[in-house]
Structure formats: structure tokens, C-alpha cells
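Engineer: First the structure, then my questions, so here it is.
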Amino acid sequence: MKVHLIKEYIEKYKTFLDSETPYYEAYKWECVSNFQEHWNLGAEDLRTMYKQSLSSIYSAKLWNGSKNSPKSVMLKYFKTNPEFARDAFRDLFNEELEVILRMDRFSYHCDQLLPELIKFDRKADRHYHDDFRILSVYLALKYPQKYCVFDYKPFKKMMVKLETQDVPAEFEIGRFFKLMQGLYKILIKDKELLEIHAKKIEGEEFYKEPCMMLVHDFYWCCNQDEYGIDKL
């Protein structure tokens, strides 16, 4: 990534945030706040805890909705085998292990739970947790200062615009997180950007602590034609 291009896009991003253009992405900070408030793997009623943690008054876009989605399947897993599902999340959130190993293992655990679910729901045919994106959502909600949501297409487009010579492949999730952590450090050095963005999430429902959703917002918004950021 070329620093002067990053700074150029940061200025475009600030112009967008400071404009009258509707800002539809604030929901991500509400989702983080809600998850931080409700997530508790020690809860007796894991299904209710999970449902409360992955809810939003604005949008369910992060977890692809409530029906035929990762959330809908996981709710069924917490009903059919709550202890196995509990252990799967404990493994996923174990920061002592490499992130790619944890993500692969979590997907494998979901594979193991699927046959049991099919016994109760013959229409069930997939669990949707073989996708790095939804696993990155869990990580970003749990550890918002360390992980960023993985949306590969807009990420790759941004890397090309920033003239990155060696763009990570879609399976190189570890490299993605490291690059986004580096980009986040650059973003938070811009105090004007932080002040402008803070005005977009002034409500009590929004997460106010340092949060790498800012990186996701940056690379996502800068690639959306509907916002016109790339044309500023």
C-alpha cells in the first residue's frame, strides 16, 4: 500500500462523512456495542444469549439476515447441542492459537454438528460457517480492537487502488488481518477523521471505544458507487 494514496482516500472518506449523504453504516458500531453487552459463554441459556448478542435495531446485514443464514443455523445448533457449540466458540475466541487454525476448526465443528441437526430438521443442508466472512464477524464483534470484517471483493479493489503489489489471496486471512491492523493505525492517527466519524455515532447505542469497524467502513465505503466517494 502506498501511503500517499491511503492519505488521498482518507481525505475522500472524510469529505463523505462530513457531507449530507446518508450514512447507513453506523449500524456496525451498534452491533459491536450490543454484542459486547450480551455475549457470555457462561450463560445457562446459550441460545437466548446468542440471539440477543446477534441482534440489531438497525440491520442484520453483518450476519446475512435472520432466515437461512449463519445466525439461524447457529440458533438451531445451540438448541440441539449447546455444549458442543459452546466449546466451538471457546476455541474460536482462544487468542493463544493462530487465527486461521481457529477459524478452520470452528468450521469443522459446524460440519460435525450438521448431521445431528438434520435429524431434527430435514431441510437443513448447510451451516454457512465455512465462509471466512461470518467467522471474521464473530471475531470483530468479540475483539473489536484487533479484527476487521472480511469482505474480500471490496478489500481487493481497495488494495488495487492503493497500488498494493502483493494483494493477499482470498484464503490468506492472516495476511488480511495484519494489513488491516496496519491500515487502522494510519486511520486513527488522523484526529480530524476520528472527530468527524464520532459525530456519526453519537447515540448511546453505539460502541465508542477504539474499533476496527472503522477499517471495514473505510474500505467498504470507498468502493461503493452509490456513495460516490471514489469520484470525490
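By order of appearance in the C-alpha cells: chains A, B, ..., then residues from 1 within every chain, and ligands from 1 in the order shown.
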May I have the residues within 10 Å of Ala26 of chain A as a list in words, using only C-alpha atoms and disregarding those fewer than 3 positions away in the same chain?
Structural biologist: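 Result of the neighbour search: Tyr23, Trp29, Glu30, Cys31, Tyr58, Ser59, His197, Lys200, Ile201, Glu202, Gly203, Phe206, Tyr207, Met213, Leu214 and Asp217 of chain A.
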Engineer: Just to be explicit: take each residue in the selection above, keep N, CA and C atoms, and write the result as a CSV table (one decimal), in the first residue's frame.
Structural biologist:
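Contents of out.csv, freshly written:
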```csv
chain,number,residue,atom,x,y,z
A,23,TYR,N,-25.6,8.3,5.9
A,23,TYR,CA,-24.6,7.3,6.4
A,23,TYR,C,-25.3,6.1,7.0
A,29,TRP,N,-21.4,-0.2,14.5
A,29,TRP,CA,-21.0,0.2,15.9
A,29,TRP,C,-22.1,-0.2,16.9
A,30,GLU,N,-23.3,-0.1,16.5
A,30,GLU,CA,-24.4,-0.6,17.3
A,30,GLU,C,-24.3,-2.1,17.6
A,31,CYS,N,-24.0,-2.8,16.5
A,31,CYS,CA,-23.8,-4.3,16.6
A,31,CYS,C,-22.7,-4.7,17.6
A,58,TYR,N,-31.0,-1.8,13.8
A,58,TYR,CA,-30.9,-1.2,12.5
A,58,TYR,C,-30.7,-2.1,11.4
A,59,SER,N,-29.9,-3.1,11.5
A,59,SER,CA,-29.6,-4.0,10.4
A,59,SER,C,-29.0,-5.3,10.8
A,197,HIS,N,-16.1,11.2,12.3
A,197,HIS,CA,-16.8,10.0,12.4
A,197,HIS,C,-17.5,9.9,13.7
A,200,LYS,N,-21.0,10.8,13.8
A,200,LYS,CA,-22.0,9.9,13.1
A,200,LYS,C,-22.5,8.8,14.0
A,201,ILE,N,-21.8,8.6,15.2
A,201,ILE,CA,-22.2,7.6,16.1
A,201,ILE,C,-22.4,8.2,17.5
A,202,GLU,N,-23.1,9.2,17.6
A,202,GLU,CA,-23.3,9.9,18.9
A,202,GLU,C,-24.3,9.3,19.8
A,203,GLY,N,-25.2,8.5,19.3
A,203,GLY,CA,-26.2,7.8,20.2
A,203,GLY,C,-25.6,6.9,21.2
A,206,PHE,N,-24.3,3.2,20.3
A,206,PHE,CA,-23.1,2.9,19.5
A,206,PHE,C,-21.9,2.7,20.4
A,207,TYR,N,-21.0,1.8,19.9
A,207,TYR,CA,-19.8,1.5,20.6
A,207,TYR,C,-18.8,2.7,20.4
A,213,MET,N,-13.9,-1.6,13.1
A,213,MET,CA,-15.0,-1.4,12.2
A,213,MET,C,-14.7,-0.2,11.3
A,214,LEU,N,-13.9,0.7,11.8
A,214,LEU,CA,-13.5,1.9,11.0
A,214,LEU,C,-12.8,1.5,9.8
A,217,ASP,N,-15.3,0.0,7.4
A,217,ASP,CA,-16.1,1.1,6.9
A,217,ASP,C,-15.3,1.9,5.8
```
Engineer: Would you please give, as an MDAnalysis selection string, all residues of segment 59-161 of chain A that DSSP assigns to alpha helix (DSSP H) based on the backbone?
Structural biologist: chainID A and resid 70:80 82:92 99:120 132:142 152:161
Engineer: Neighbours of segment 103-120 of chain A within 6 Å (only C-alpha atoms; same-chain residues fewer than 6 positions away dropped), as a ChimeraX atom specification?
Structural biologist: /A:88,129-130
Engineer: With C-alpha atoms kept, could you save the residues just selected as a tab-separated table (two decimals), in the first residue's frame?
Structural biologist:
```tsv
chain	number	residue	atom	x	y	z
A	88	ALA	CA	-16.65	-24.34	19.42
A	129	HIS	CA	-19.86	-21.16	8.67
A	130	ASP	CA	-17.43	-22.32	6.01
```
Engineer: Do you have the atom CA of Asp151 of chain A-atom CA of Asp91 of chain A distance handy?
Structural biologist: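 About the pair atom CA of Asp151 of chain A and atom CA of Asp91 of chain A: they are 22.9 Å apart.
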Engineer: Given only C-alpha atoms as the basis, pick out the residue of A:Trp220, A:Trp39, A:Tyr128, A:Phe155 nearest to Phe93 of chain A.
Structural biologist: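 Closest to Phe93 of chain A, using only C-alpha atoms: A:Trp39.
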Engineer: In terms of the shortest atom-to-atom distance over only C-alpha atoms, which of A:Ala85, A:Ala60, A:Val149, A:Leu17 is closest to Leu193 of chain A?
Structural biologist: A:Leu17
Engineer: If we count only C-alpha atoms and set the cut-off at 6 Å, which residues sit around segment 71-84 of chain A, ignoring sequence neighbours fewer than 3 positions away in its own chain? Please answer as a PyMOL selection string.
Structural biologist: chain A and resi 47+66-67+87+127
Engineer: Write out, as a PDB file, in the first residue's frame, the residues just selected, with C-alpha atoms.
Structural biologist:
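Written out: part.pdb:
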```pdb
ATOM      1  CA  ARG A  47     -29.482 -19.876  22.626  1.00  0.00           C
ATOM      2  CA  SER A  66     -32.106 -13.919  10.292  1.00  0.00           C
ATOM      3  CA  LYS A  67     -33.509 -16.594   7.953  1.00  0.00           C
ATOM      4  CA  ASP A  87     -16.863 -25.264  23.116  1.00  0.00           C
ATOM      5  CA  HIS A 127     -24.406 -24.224   8.161  1.00  0.00           C
TER       6      HIS A 127
END
```
Engineer: From the options A:Asn64, A:Ser136, A:Ser19, A:Thr48, which residue's atoms come nearest to Gly174 of chain A, counting only C-alpha atoms?
Structural biologist: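 Closest residue, counting only C-alpha atoms: A:Ser136.
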Engineer: So that I can see what lies close to Val167 of chain A, please list as a list in words the residues with an atom at most 8 Å from it, counting only C-alpha atoms and leaving out residues fewer than 5 positions away in the same chain.
Structural biologist: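 These residues fall inside the cut-off: Lys156, Met159 and Val160 of chain A.
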